[in-house]
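Text of structure-v3.pdb (PDB, C-alpha atoms and all ligand atoms) as supplied:
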```pdb
ATOM      1  CA  MET A   1     -99.285 -93.812 -27.090  1.00  0.00           C
ATOM      2  CA  ASN A   2     -97.446 -94.675 -23.931  1.00  0.00           C
ATOM      3  CA  HIS A   3     -99.702 -97.007 -21.943  1.00  0.00           C
ATOM      4  CA  ALA A   4     -96.881 -98.513 -19.935  1.00  0.00           C
ATOM      5  CA  ASN A   5     -97.420 -96.895 -16.569  1.00  0.00           C
ATOM      6  CA  GLN A   6    -101.193 -96.465 -16.509  1.00  0.00           C
ATOM      7  CA  ALA A   7    -104.162 -98.776 -16.187  1.00  0.00           C
ATOM      8  CA  PHE A   8    -105.636 -99.267 -19.665  1.00  0.00           C
ATOM      9  CA  GLN A   9    -108.187-101.710 -21.047  1.00  0.00           C
ATOM     10  CA  PRO A  10    -109.351-102.627 -24.552  1.00  0.00           C
ATOM     11  CA  LEU A  11    -111.940-100.283 -26.084  1.00  0.00           C
ATOM     12  CA  VAL A  12    -115.417-101.760 -26.338  1.00  0.00           C
ATOM     13  CA  TYR A  13    -116.495-100.707 -29.836  1.00  0.00           C
ATOM     14  CA  ARG A  14    -119.248-101.820 -32.187  1.00  0.00           C
ATOM     15  CA  GLU A  15    -118.843-100.915 -35.848  1.00  0.00           C
ATOM     16  CA  PHE A  16    -121.884-100.306 -38.057  1.00  0.00           C
ATOM     17  CA  SER A  17    -122.003-100.467 -41.834  1.00  0.00           C
ATOM     18  CA  PRO A  18    -122.163 -97.051 -43.561  1.00  0.00           C
ATOM     19  CA  GLU A  19    -125.852 -97.740 -44.373  1.00  0.00           C
ATOM     20  CA  GLU A  20    -126.629 -98.599 -40.782  1.00  0.00           C
ATOM     21  CA  MET A  21    -124.692 -95.543 -39.624  1.00  0.00           C
ATOM     22  CA  LEU A  22    -126.715 -93.243 -41.840  1.00  0.00           C
ATOM     23  CA  ALA A  23    -129.961 -94.833 -40.684  1.00  0.00           C
ATOM     24  CA  ARG A  24    -128.935 -94.451 -37.035  1.00  0.00           C
ATOM     25  CA  ALA A  25    -127.726 -90.863 -37.485  1.00  0.00           C
ATOM     26  CA  THR A  26    -130.965 -89.921 -39.236  1.00  0.00           C
ATOM     27  CA  ALA A  27    -133.108 -91.676 -36.647  1.00  0.00           C
ATOM     28  CA  LEU A  28    -131.449 -89.711 -33.834  1.00  0.00           C
ATOM     29  CA  LEU A  29    -131.852 -86.495 -35.817  1.00  0.00           C
ATOM     30  CA  ASP A  30    -135.569 -87.220 -36.231  1.00  0.00           C
ATOM     31  CA  GLN A  31    -135.908 -88.012 -32.564  1.00  0.00           C
ATOM     32  CA  LEU A  32    -134.088 -84.961 -31.247  1.00  0.00           C
ATOM     33  CA  SER A  33    -135.704 -82.674 -33.834  1.00  0.00           C
ATOM     34  CA  ALA A  34    -138.982 -83.432 -32.086  1.00  0.00           C
ATOM     35  CA  ARG A  35    -137.683 -82.010 -28.798  1.00  0.00           C
ATOM     36  CA  ARG A  36    -139.329 -78.772 -27.772  1.00  0.00           C
ATOM     37  CA  THR A  37    -138.753 -76.559 -24.785  1.00  0.00           C
ATOM     38  CA  VAL A  38    -141.941 -76.746 -22.736  1.00  0.00           C
ATOM     39  CA  ARG A  39    -143.013 -74.227 -20.088  1.00  0.00           C
ATOM     40  CA  GLU A  40    -146.444 -75.666 -19.257  1.00  0.00           C
ATOM     41  CA  PHE A  41    -146.234 -78.759 -17.106  1.00  0.00           C
ATOM     42  CA  SER A  42    -148.610 -81.338 -15.668  1.00  0.00           C
ATOM     43  CA  ASP A  43    -148.254 -82.222 -11.987  1.00  0.00           C
ATOM     44  CA  ARG A  44    -148.468 -85.927 -12.884  1.00  0.00           C
ATOM     45  CA  PRO A  45    -145.844 -87.842 -10.899  1.00  0.00           C
ATOM     46  CA  VAL A  46    -142.756 -89.352 -12.514  1.00  0.00           C
ATOM     47  CA  ASP A  47    -140.991 -92.514 -11.322  1.00  0.00           C
ATOM     48  CA  ARG A  48    -137.788 -91.664  -9.440  1.00  0.00           C
ATOM     49  CA  LYS A  49    -136.006 -94.499 -11.305  1.00  0.00           C
ATOM     50  CA  ILE A  50    -136.413 -92.566 -14.571  1.00  0.00           C
ATOM     51  CA  ILE A  51    -134.758 -89.505 -13.051  1.00  0.00           C
ATOM     52  CA  GLU A  52    -131.924 -91.683 -11.736  1.00  0.00           C
ATOM     53  CA  ALA A  53    -131.261 -93.113 -15.228  1.00  0.00           C
ATOM     54  CA  ILE A  54    -131.407 -89.639 -16.776  1.00  0.00           C
ATOM     55  CA  LEU A  55    -128.838 -88.309 -14.307  1.00  0.00           C
ATOM     56  CA  LEU A  56    -126.467 -91.221 -14.896  1.00  0.00           C
ATOM     57  CA  THR A  57    -126.801 -90.557 -18.639  1.00  0.00           C
ATOM     58  CA  ALA A  58    -125.841 -86.905 -18.119  1.00  0.00           C
ATOM     59  CA  SER A  59    -122.879 -88.023 -16.087  1.00  0.00           C
ATOM     60  CA  THR A  60    -121.481 -90.000 -19.061  1.00  0.00           C
ATOM     61  CA  ALA A  61    -120.402 -86.630 -20.538  1.00  0.00           C
ATOM     62  CA  PRO A  62    -116.697 -86.112 -21.124  1.00  0.00           C
ATOM     63  CA  SER A  63    -115.129 -83.701 -18.643  1.00  0.00           C
ATOM     64  CA  GLY A  64    -111.771 -82.022 -18.115  1.00  0.00           C
ATOM     65  CA  ALA A  65    -109.383 -84.681 -16.750  1.00  0.00           C
ATOM     66  CA  ASN A  66    -112.485 -86.824 -16.085  1.00  0.00           C
ATOM     67  CA  LYS A  67    -113.190 -84.787 -12.939  1.00  0.00           C
ATOM     68  CA  GLN A  68    -116.956 -84.931 -13.553  1.00  0.00           C
ATOM     69  CA  PRO A  69    -117.336 -81.522 -11.903  1.00  0.00           C
ATOM     70  CA  TRP A  70    -121.115 -81.570 -11.421  1.00  0.00           C
ATOM     71  CA  THR A  71    -123.716 -82.138  -8.735  1.00  0.00           C
ATOM     72  CA  PHE A  72    -127.365 -82.643  -9.631  1.00  0.00           C
ATOM     73  CA  CYS A  73    -129.774 -81.575  -6.887  1.00  0.00           C
ATOM     74  CA  VAL A  74    -133.098 -83.318  -7.388  1.00  0.00           C
ATOM     75  CA  VAL A  75    -136.029 -81.538  -5.789  1.00  0.00           C
ATOM     76  CA  SER A  76    -139.494 -83.064  -5.455  1.00  0.00           C
ATOM     77  CA  ASP A  77    -140.283 -81.754  -1.942  1.00  0.00           C
ATOM     78  CA  PRO A  78    -143.177 -79.298  -2.516  1.00  0.00           C
ATOM     79  CA  ALA A  79    -141.933 -76.962   0.233  1.00  0.00           C
ATOM     80  CA  VAL A  80    -138.474 -76.675  -1.339  1.00  0.00           C
ATOM     81  CA  LYS A  81    -139.978 -76.225  -4.810  1.00  0.00           C
ATOM     82  CA  ALA A  82    -142.152 -73.404  -3.425  1.00  0.00           C
ATOM     83  CA  GLN A  83    -139.133 -71.736  -1.856  1.00  0.00           C
ATOM     84  CA  ILE A  84    -137.260 -71.935  -5.172  1.00  0.00           C
ATOM     85  CA  ARG A  85    -140.241 -70.525  -7.072  1.00  0.00           C
ATOM     86  CA  THR A  86    -140.663 -67.584  -4.708  1.00  0.00           C
ATOM     87  CA  ALA A  87    -136.954 -66.706  -4.909  1.00  0.00           C
ATOM     88  CA  ALA A  88    -136.759 -67.201  -8.691  1.00  0.00           C
ATOM     89  CA  GLU A  89    -139.861 -65.096  -9.355  1.00  0.00           C
ATOM     90  CA  LYS A  90    -138.477 -62.296  -7.170  1.00  0.00           C
ATOM     91  CA  GLU A  91    -135.332 -62.155  -9.341  1.00  0.00           C
ATOM     92  CA  GLU A  92    -137.274 -62.566 -12.586  1.00  0.00           C
ATOM     93  CA  TYR A  93    -139.624 -59.740 -11.604  1.00  0.00           C
ATOM     94  CA  GLU A  94    -136.598 -57.462 -11.368  1.00  0.00           C
ATOM     95  CA  ASN A  95    -135.239 -58.831 -14.653  1.00  0.00           C
ATOM     96  CA  TYR A  96    -138.455 -58.118 -16.547  1.00  0.00           C
ATOM     97  CA  HIS A  97    -138.915 -54.727 -14.857  1.00  0.00           C
ATOM     98  CA  GLY A  98    -135.635 -52.971 -15.603  1.00  0.00           C
ATOM     99  CA  ARG A  99    -132.683 -55.351 -15.476  1.00  0.00           C
ATOM    100  CA  MET A 100    -133.132 -56.712 -19.030  1.00  0.00           C
ATOM    101  CA  SER A 101    -132.525 -54.389 -21.972  1.00  0.00           C
ATOM    102  CA  ASP A 102    -135.314 -53.418 -24.370  1.00  0.00           C
ATOM    103  CA  ASP A 103    -133.565 -55.418 -27.123  1.00  0.00           C
ATOM    104  CA  TRP A 104    -133.496 -58.472 -24.899  1.00  0.00           C
ATOM    105  CA  LEU A 105    -137.174 -58.133 -23.985  1.00  0.00           C
ATOM    106  CA  ALA A 106    -138.004 -57.719 -27.696  1.00  0.00           C
ATOM    107  CA  ASP A 107    -136.024 -60.890 -28.519  1.00  0.00           C
ATOM    108  CA  LEU A 108    -138.028 -62.809 -25.906  1.00  0.00           C
ATOM    109  CA  GLN A 109    -141.432 -61.644 -27.064  1.00  0.00           C
ATOM    110  CA  LYS A 110    -142.039 -64.636 -29.338  1.00  0.00           C
ATOM    111  CA  PHE A 111    -141.643 -66.985 -26.368  1.00  0.00           C
ATOM    112  CA  GLY A 112    -144.321 -65.245 -24.322  1.00  0.00           C
ATOM    113  CA  THR A 113    -142.238 -65.461 -21.144  1.00  0.00           C
ATOM    114  CA  ASP A 114    -142.651 -63.190 -18.138  1.00  0.00           C
ATOM    115  CA  TRP A 115    -141.626 -63.255 -14.477  1.00  0.00           C
ATOM    116  CA  HIS A 116    -144.209 -65.886 -13.499  1.00  0.00           C
ATOM    117  CA  LYS A 117    -142.620 -69.353 -13.229  1.00  0.00           C
ATOM    118  CA  PRO A 118    -145.461 -71.742 -12.276  1.00  0.00           C
ATOM    119  CA  PHE A 119    -143.511 -74.702 -13.678  1.00  0.00           C
ATOM    120  CA  LEU A 120    -141.195 -74.462 -10.646  1.00  0.00           C
ATOM    121  CA  THR A 121    -143.987 -75.803  -8.436  1.00  0.00           C
ATOM    122  CA  THR A 122    -146.054 -77.770 -10.984  1.00  0.00           C
ATOM    123  CA  ALA A 123    -143.340 -80.027 -12.421  1.00  0.00           C
ATOM    124  CA  PRO A 124    -142.841 -83.104 -10.222  1.00  0.00           C
ATOM    125  CA  TYR A 125    -139.059 -82.735 -10.297  1.00  0.00           C
ATOM    126  CA  LEU A 126    -136.641 -79.841 -10.451  1.00  0.00           C
ATOM    127  CA  ILE A 127    -133.085 -80.779 -11.353  1.00  0.00           C
ATOM    128  CA  VAL A 128    -130.715 -78.039 -10.251  1.00  0.00           C
ATOM    129  CA  VAL A 129    -127.310 -78.485 -11.853  1.00  0.00           C
ATOM    130  CA  PHE A 130    -124.298 -77.203  -9.947  1.00  0.00           C
ATOM    131  CA  LYS A 131    -120.805 -76.841 -11.389  1.00  0.00           C
ATOM    132  CA  LYS A 132    -117.920 -77.593  -9.080  1.00  0.00           C
ATOM    133  CA  ALA A 133    -115.357 -74.809  -9.443  1.00  0.00           C
ATOM    134  CA  TYR A 134    -112.955 -77.066  -7.522  1.00  0.00           C
ATOM    135  CA  ASP A 135    -113.140 -80.299  -5.534  1.00  0.00           C
ATOM    136  CA  LEU A 136    -112.380 -80.756  -1.871  1.00  0.00           C
ATOM    137  CA  GLY A 137    -109.879 -83.496  -1.015  1.00  0.00           C
ATOM    138  CA  SER A 138    -110.249 -85.789   1.981  1.00  0.00           C
ATOM    139  CA  THR A 139    -108.421 -83.308   4.203  1.00  0.00           C
ATOM    140  CA  GLY A 140    -110.351 -80.328   2.835  1.00  0.00           C
ATOM    141  CA  GLU A 141    -107.639 -79.174   0.419  1.00  0.00           C
ATOM    142  CA  LYS A 142    -108.671 -77.625  -2.894  1.00  0.00           C
ATOM    143  CA  GLU A 143    -108.264 -79.899  -5.936  1.00  0.00           C
ATOM    144  CA  LYS A 144    -108.352 -78.226  -9.332  1.00  0.00           C
ATOM    145  CA  ASN A 145    -111.029 -78.925 -11.940  1.00  0.00           C
ATOM    146  CA  TYR A 146    -110.579 -78.066 -15.605  1.00  0.00           C
ATOM    147  CA  TYR A 147    -112.904 -76.714 -18.325  1.00  0.00           C
ATOM    148  CA  VAL A 148    -115.652 -76.716 -15.729  1.00  0.00           C
ATOM    149  CA  THR A 149    -118.214 -74.679 -17.682  1.00  0.00           C
ATOM    150  CA  GLU A 150    -117.627 -76.644 -20.880  1.00  0.00           C
ATOM    151  CA  SER A 151    -117.860 -79.960 -19.027  1.00  0.00           C
ATOM    152  CA  VAL A 152    -121.095 -79.105 -17.210  1.00  0.00           C
ATOM    153  CA  GLY A 153    -122.547 -77.687 -20.437  1.00  0.00           C
ATOM    154  CA  LEU A 154    -121.866 -81.002 -22.164  1.00  0.00           C
ATOM    155  CA  ALA A 155    -123.491 -82.907 -19.282  1.00  0.00           C
ATOM    156  CA  CYS A 156    -126.551 -80.654 -19.520  1.00  0.00           C
ATOM    157  CA  GLY A 157    -126.830 -81.357 -23.259  1.00  0.00           C
ATOM    158  CA  LEU A 158    -126.907 -85.058 -22.557  1.00  0.00           C
ATOM    159  CA  LEU A 159    -129.329 -84.497 -19.681  1.00  0.00           C
ATOM    160  CA  ILE A 160    -131.775 -82.639 -21.924  1.00  0.00           C
ATOM    161  CA  SER A 161    -131.480 -85.354 -24.611  1.00  0.00           C
ATOM    162  CA  ALA A 162    -132.067 -88.062 -22.009  1.00  0.00           C
ATOM    163  CA  ILE A 163    -135.145 -86.273 -20.664  1.00  0.00           C
ATOM    164  CA  HIS A 164    -136.556 -86.082 -24.190  1.00  0.00           C
ATOM    165  CA  HIS A 165    -135.604 -89.668 -25.013  1.00  0.00           C
ATOM    166  CA  ALA A 166    -137.458 -90.882 -21.919  1.00  0.00           C
ATOM    167  CA  GLY A 167    -140.608 -89.088 -23.101  1.00  0.00           C
ATOM    168  CA  LEU A 168    -140.535 -86.215 -20.627  1.00  0.00           C
ATOM    169  CA  VAL A 169    -140.169 -82.479 -21.181  1.00  0.00           C
ATOM    170  CA  THR A 170    -138.090 -79.667 -19.729  1.00  0.00           C
ATOM    171  CA  VAL A 171    -137.145 -76.012 -20.052  1.00  0.00           C
ATOM    172  CA  THR A 172    -133.616 -74.707 -19.525  1.00  0.00           C
ATOM    173  CA  HIS A 173    -134.434 -72.183 -16.852  1.00  0.00           C
ATOM    174  CA  THR A 174    -131.650 -69.785 -15.904  1.00  0.00           C
ATOM    175  CA  PRO A 175    -132.976 -67.428 -13.269  1.00  0.00           C
ATOM    176  CA  SER A 176    -130.480 -64.665 -12.804  1.00  0.00           C
ATOM    177  CA  PRO A 177    -128.740 -64.150 -10.467  1.00  0.00           C
ATOM    178  CA  LEU A 178    -128.769 -67.816  -9.440  1.00  0.00           C
ATOM    179  CA  ASN A 179    -127.103 -67.581  -6.009  1.00  0.00           C
ATOM    180  CA  PHE A 180    -130.350 -68.185  -4.101  1.00  0.00           C
ATOM    181  CA  LEU A 181    -130.237 -71.812  -5.261  1.00  0.00           C
ATOM    182  CA  GLN A 182    -126.954 -72.391  -3.449  1.00  0.00           C
ATOM    183  CA  LYS A 183    -128.501 -71.022  -0.259  1.00  0.00           C
ATOM    184  CA  ILE A 184    -131.846 -72.839  -0.425  1.00  0.00           C
ATOM    185  CA  LEU A 185    -130.202 -76.163  -1.271  1.00  0.00           C
ATOM    186  CA  GLY A 186    -127.350 -75.648   1.198  1.00  0.00           C
ATOM    187  CA  ARG A 187    -124.599 -76.399  -1.307  1.00  0.00           C
ATOM    188  CA  PRO A 188    -120.963 -75.897  -0.323  1.00  0.00           C
ATOM    189  CA  ASP A 189    -118.801 -73.021  -1.499  1.00  0.00           C
ATOM    190  CA  ASN A 190    -117.086 -74.975  -4.283  1.00  0.00           C
ATOM    191  CA  GLU A 191    -120.433 -75.495  -6.062  1.00  0.00           C
ATOM    192  CA  ARG A 192    -122.058 -72.812  -8.202  1.00  0.00           C
ATOM    193  CA  PRO A 193    -125.587 -73.056  -9.638  1.00  0.00           C
ATOM    194  CA  PHE A 194    -125.488 -73.547 -13.414  1.00  0.00           C
ATOM    195  CA  LEU A 195    -128.927 -74.476 -14.723  1.00  0.00           C
ATOM    196  CA  LEU A 196    -132.375 -75.392 -13.434  1.00  0.00           C
ATOM    197  CA  LEU A 197    -134.407 -77.997 -15.314  1.00  0.00           C
ATOM    198  CA  PRO A 198    -138.016 -78.745 -14.345  1.00  0.00           C
ATOM    199  CA  VAL A 199    -138.841 -82.278 -15.501  1.00  0.00           C
ATOM    200  CA  GLY A 200    -142.231 -83.867 -16.034  1.00  0.00           C
ATOM    201  CA  TYR A 201    -145.103 -84.440 -18.444  1.00  0.00           C
ATOM    202  CA  PRO A 202    -146.379 -81.529 -20.510  1.00  0.00           C
ATOM    203  CA  ALA A 203    -149.729 -79.998 -19.528  1.00  0.00           C
ATOM    204  CA  ALA A 204    -152.557 -81.520 -21.589  1.00  0.00           C
ATOM    205  CA  ASP A 205    -153.061 -78.195 -23.387  1.00  0.00           C
ATOM    206  CA  ALA A 206    -149.380 -77.193 -23.574  1.00  0.00           C
ATOM    207  CA  GLN A 207    -148.475 -74.767 -26.357  1.00  0.00           C
ATOM    208  CA  VAL A 208    -145.023 -73.991 -27.749  1.00  0.00           C
ATOM    209  CA  PRO A 209    -143.851 -71.049 -29.830  1.00  0.00           C
ATOM    210  CA  SER A 210    -143.885 -71.401 -33.610  1.00  0.00           C
ATOM    211  CA  ILE A 211    -140.155 -71.234 -34.206  1.00  0.00           C
ATOM    212  CA  GLY A 212    -137.773 -73.285 -36.323  1.00  0.00           C
ATOM    213  CA  ARG A 213    -134.185 -74.435 -36.404  1.00  0.00           C
ATOM    214  CA  LYS A 214    -131.424 -73.202 -38.669  1.00  0.00           C
ATOM    215  CA  GLY A 215    -130.559 -75.254 -41.752  1.00  0.00           C
ATOM    216  CA  LEU A 216    -127.253 -77.003 -42.414  1.00  0.00           C
ATOM    217  CA  ASP A 217    -126.047 -74.168 -44.645  1.00  0.00           C
ATOM    218  CA  GLU A 218    -126.567 -71.685 -41.813  1.00  0.00           C
ATOM    219  CA  ILE A 219    -124.772 -73.687 -39.123  1.00  0.00           C
ATOM    220  CA  SER A 220    -121.838 -75.204 -40.989  1.00  0.00           C
ATOM    221  CA  VAL A 221    -118.931 -74.274 -43.237  1.00  0.00           C
ATOM    222  CA  TRP A 222    -117.238 -77.108 -45.082  1.00  0.00           C
ATOM    223  CA  PHE A 223    -113.628 -77.193 -46.303  1.00  0.00           C
ATOM    224  CA  GLU A 224    -113.589 -80.048 -48.850  1.00  0.00           C
TER
HETATM  225  N1  LIG B 301    -134.442 -65.860 -17.479  1.00  0.00           N
HETATM  226  C1  LIG B 301    -135.652 -65.236 -17.960  1.00  0.00           C
HETATM  227  C2  LIG B 301    -135.513 -64.609 -19.297  1.00  0.00           C
HETATM  228  C3  LIG B 301    -135.180 -65.478 -20.437  1.00  0.00           C
HETATM  229  C4  LIG B 301    -133.969 -65.287 -21.078  1.00  0.00           C
HETATM  230  C5  LIG B 301    -133.654 -65.988 -22.196  1.00  0.00           C
HETATM  231  I1  LIG B 301    -131.923 -65.599 -23.165  1.00  0.00           I
HETATM  232  C6  LIG B 301    -134.542 -66.971 -22.700  1.00  0.00           C
HETATM  233  O1  LIG B 301    -134.217 -67.691 -23.838  1.00  0.00           O
HETATM  234  C7  LIG B 301    -135.741 -67.153 -22.076  1.00  0.00           C
HETATM  235  C8  LIG B 301    -136.072 -66.408 -20.933  1.00  0.00           C
HETATM  236  C9  LIG B 301    -136.821 -66.237 -17.911  1.00  0.00           C
HETATM  237  O2  LIG B 301    -136.605 -67.405 -17.607  1.00  0.00           O
HETATM  238  O3  LIG B 301    -137.948 -65.846 -18.156  1.00  0.00           O
END
```
What's the structure tokens form of this structure?
Amino acid sequence: MNHANQAFQPLVYREFSPEEMLARATALLDQLSARRTVREFSDRPVDRKIIEAILLTASTAPSGANKQPWTFCVVSDPAVKAQIRTAAEKEEYENYHGRMSDDWLADLQKFGTDWHKPFLTTAPYLIVVFKKAYDLGSTGEKEKNYYVTESVGLACGLLISAIHHAGLVTVTHTPSPLNFLQKILGRPDNERPFLLLPVGYPAADAQVPSIGRKGLDEISVWFE
């Protein structure tokens, strides 16, 4: 590689023995296998510092040309949460009463979802993830971002893992259409809502659907 004209530094890397690697890989599998999407939240408060660490973890994701094309809006203000819930439920009502196909509604039956979204006001924090279609330079000129959807998707994967690792729960809520979030949160034109994640403790009596994950033979094809 040609490092001559750029700023480079030595990689910080810690090697593990194959045994240690397997133990670590399996431990993470066990940990993340225990993650469940939760839709019933407690209103118990969460320390802001935990949310800060979770967001910085998400922001370690690789991104096209390292543009880090994301903004995380963190909402704990009850009035703003209420506004978001009202707007989201209005859209979801339409979704569940005509906008979603019968096949789609049938596919969702096992999750027991409907247009009511109480978690939007119960959870102590809502993290609204925005993707930045482009950046604005210091003089307001458009600066290109690359692989924006892929990059923000990767950051959201890390965000969800970090939430679980911290001992909190979330649901990947994608009200559709999402534009109301841009309006309520007053985000600029270069930012588009991507995903809404309520974060908090589960309700004491929280239930989750009895569903499983695909096995290795269903998710992988090996060429050996
Ligand atoms: N956005 C709706 C519907 C919904 C769609 C899918 I795909 C899900 O996996 C779950 C729900 C809602 O939030 O209820």
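Minimum atom-to-atom distance to ligand LIG 301 (chain B), evaluated using all atoms listed in the file, belongs to A:Leu108 out of A:Leu108, A:Leu168, A:Ile163, A:Leu196.
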Exercise for review: List all protein, DNA and RNA residues that have an atom no more than 6 Å from any atom of ligand LIG 301 (chain B), counting only C-alpha atoms and all ligand atoms, and report them as a ChimeraX atom specification.
Suggested key: /A:113-115,173-175
Give me the box for region 105-114 of chain A as JSON, namely the centre and edge lengths in Å to one decimal of a box along x, y and z that holds every listed atom plus 8 Å on each side.
```
{"center_x": -140.2, "center_y": -62.4, "center_z": -23.7, "size_x": 24.3, "size_y": 25.3, "size_z": 27.2}
```
Mind checking which residues fall within 8 Å of Arg192 (chain A), counting all atoms listed in the file, ignoring those fewer than 4 positions away in the same chain, and posting them as a PDB file with C-alpha atoms, keeping the file's coordinate frame?
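Final output, saved to result.pdb:
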```pdb
ATOM      1  CA  PHE A 130    -124.298 -77.203  -9.947  1.00  0.00           C
ATOM      2  CA  LYS A 131    -120.805 -76.841 -11.389  1.00  0.00           C
ATOM      3  CA  LYS A 132    -117.920 -77.593  -9.080  1.00  0.00           C
ATOM      4  CA  ALA A 133    -115.357 -74.809  -9.443  1.00  0.00           C
ATOM      5  CA  ASN A 179    -127.103 -67.581  -6.009  1.00  0.00           C
ATOM      6  CA  GLN A 182    -126.954 -72.391  -3.449  1.00  0.00           C
TER       7      GLN A 182
END
```
Review point. If you count all atoms listed in the file, which residues fall within 10 Å of Ile54 (chain A), apart from same-chain ones fewer than 4 positions away, as a list of chain:residue names?
Key: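 Everything that qualifies: A:Arg48, A:Lys49, A:Ile50, A:Ala58, A:Ser59, A:Leu158, A:Leu159, A:Ile160, A:Ser161, A:Ala162, A:Ile163, A:His164, A:His165, A:Ala166.
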Study note, to complete from the structure: Pairwise distance, CA of Val46 (chain A) with CA of Phe111 (chain A), equals 26.3 Å
Practice item. Using all atoms listed in the file, determine which residues lie at most 12 Å from Glu94 (chain A), disregarding the query and same-chain residues fewer than 2 positions distant; provide the list as number ranges by chain. Key: A: 87-92, 96-101, 114-116, 175-177
Could you write out as a PDB file with C-alpha atoms, keeping the file's coordinate frame the residues that the PyMOL selection byres (((chain A and resi 197) around 8) and not hetatm) matches in the shown file?
```
ATOM      1  CA  LEU A 126    -136.641 -79.841 -10.451  1.00  0.00           C
ATOM      2  CA  ILE A 127    -133.085 -80.779 -11.353  1.00  0.00           C
ATOM      3  CA  VAL A 128    -130.715 -78.039 -10.251  1.00  0.00           C
ATOM      4  CA  VAL A 129    -127.310 -78.485 -11.853  1.00  0.00           C
ATOM      5  CA  THR A 170    -138.090 -79.667 -19.729  1.00  0.00           C
ATOM      6  CA  VAL A 171    -137.145 -76.012 -20.052  1.00  0.00           C
ATOM      7  CA  THR A 172    -133.616 -74.707 -19.525  1.00  0.00           C
ATOM      8  CA  HIS A 173    -134.434 -72.183 -16.852  1.00  0.00           C
ATOM      9  CA  LEU A 195    -128.927 -74.476 -14.723  1.00  0.00           C
ATOM     10  CA  LEU A 196    -132.375 -75.392 -13.434  1.00  0.00           C
ATOM     11  CA  PRO A 198    -138.016 -78.745 -14.345  1.00  0.00           C
ATOM     12  CA  VAL A 199    -138.841 -82.278 -15.501  1.00  0.00           C
TER      13      VAL A 199
END
```
Do you know which residues are at most 8 Å from region 76-86 of chain A counting all atoms listed in the file, after dropping those on the same chain fewer than 4 positions away, and could you put them as a short mmCIF file (atom, residue, chain, number, x, y, z; two decimals) with C-alpha atoms, in the frame of the given file?
```cif
data_model
loop_
_atom_site.label_atom_id
_atom_site.label_comp_id
_atom_site.auth_asym_id
_atom_site.auth_seq_id
_atom_site.Cartn_x
_atom_site.Cartn_y
_atom_site.Cartn_z
CA LYS A 90 -138.48 -62.30 -7.17
CA LYS A 117 -142.62 -69.35 -13.23
CA PRO A 118 -145.46 -71.74 -12.28
CA LEU A 120 -141.20 -74.46 -10.65
CA THR A 121 -143.99 -75.80 -8.44
CA PRO A 124 -142.84 -83.10 -10.22
CA TYR A 125 -139.06 -82.74 -10.30
CA LEU A 126 -136.64 -79.84 -10.45
CA PHE A 180 -130.35 -68.18 -4.10
CA LEU A 181 -130.24 -71.81 -5.26
CA ILE A 184 -131.85 -72.84 -0.42
#
```
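Using only C-alpha atoms, the nearest neighbour of Leu154 (chain A) within the list A:Thr60, A:Gln6, A:Asn66, A:Gln207 is A:Thr60.
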Point to revise | CA of Ala4 (chain A) to CA of Gly137 (chain A), straight-line distance in Å | key: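 So the answer is 27.4 Å.
Proximity of A:Asp43, A:Glu191, A:Glu52, A:Asp217 to Thr149 (chain A), computed with all atoms listed in the file, is greatest for A:Glu191.
Atom to atom, CA of Lys110 (chain A) and CA of Ser42 (chain A) stand 22.6 Å apart.
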Review point. So which residues touch Ala203 (chain A) within 6 Å, counting all atoms listed in the file, skipping near sequence neighbours fewer than 2 positions away, as a VMD selection string?
Key: chain A and resid 40 to 42 205 to 206
Practice item. Rank A:Gln109, A:Thr26, A:Thr122, A:Ser17 by their smallest atom-to-atom distance to Tyr201 (chain A), using all atoms listed in the file, and report the top residue only. Key: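 For Tyr201 (chain A), the nearest of the given residues is A:Thr122.
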Taking N, CA and C atoms as the atom set, what does region 180-188 of chain A look like once completed, written as an mmCIF file, in the coordinates of the input?
```cif
data_model
loop_
_atom_site.group_PDB
_atom_site.id
_atom_site.type_symbol
_atom_site.label_atom_id
_atom_site.label_comp_id
_atom_site.auth_asym_id
_atom_site.auth_seq_id
_atom_site.Cartn_x
_atom_site.Cartn_y
_atom_site.Cartn_z
ATOM 1 N N PHE A 180 -129.372 -67.734 -5.094
ATOM 2 C CA PHE A 180 -130.350 -68.185 -4.101
ATOM 3 C C PHE A 180 -130.457 -69.716 -4.074
ATOM 4 N N LEU A 181 -130.132 -70.348 -5.201
ATOM 5 C CA LEU A 181 -130.237 -71.812 -5.261
ATOM 6 C C LEU A 181 -129.203 -72.474 -4.352
ATOM 7 N N GLN A 182 -128.023 -71.872 -4.308
ATOM 8 C CA GLN A 182 -126.954 -72.391 -3.449
ATOM 9 C C GLN A 182 -127.380 -72.335 -1.984
ATOM 10 N N LYS A 183 -128.057 -71.247 -1.638
ATOM 11 C CA LYS A 183 -128.501 -71.022 -0.259
ATOM 12 C C LYS A 183 -129.635 -71.987 0.105
ATOM 13 N N ILE A 184 -130.674 -72.014 -0.736
ATOM 14 C CA ILE A 184 -131.846 -72.839 -0.425
ATOM 15 C C ILE A 184 -131.451 -74.308 -0.337
ATOM 16 N N LEU A 185 -130.562 -74.740 -1.233
ATOM 17 C CA LEU A 185 -130.202 -76.163 -1.271
ATOM 18 C C LEU A 185 -128.975 -76.461 -0.395
ATOM 19 N N GLY A 186 -128.447 -75.454 0.240
ATOM 20 C CA GLY A 186 -127.350 -75.648 1.198
ATOM 21 C C GLY A 186 -126.105 -76.261 0.574
ATOM 22 N N ARG A 187 -125.773 -75.825 -0.630
ATOM 23 C CA ARG A 187 -124.599 -76.399 -1.307
ATOM 24 C C ARG A 187 -123.321 -75.717 -0.823
ATOM 25 N N PRO A 188 -122.226 -76.464 -0.810
ATOM 26 C CA PRO A 188 -120.963 -75.897 -0.323
ATOM 27 C C PRO A 188 -120.398 -74.847 -1.284
#
```
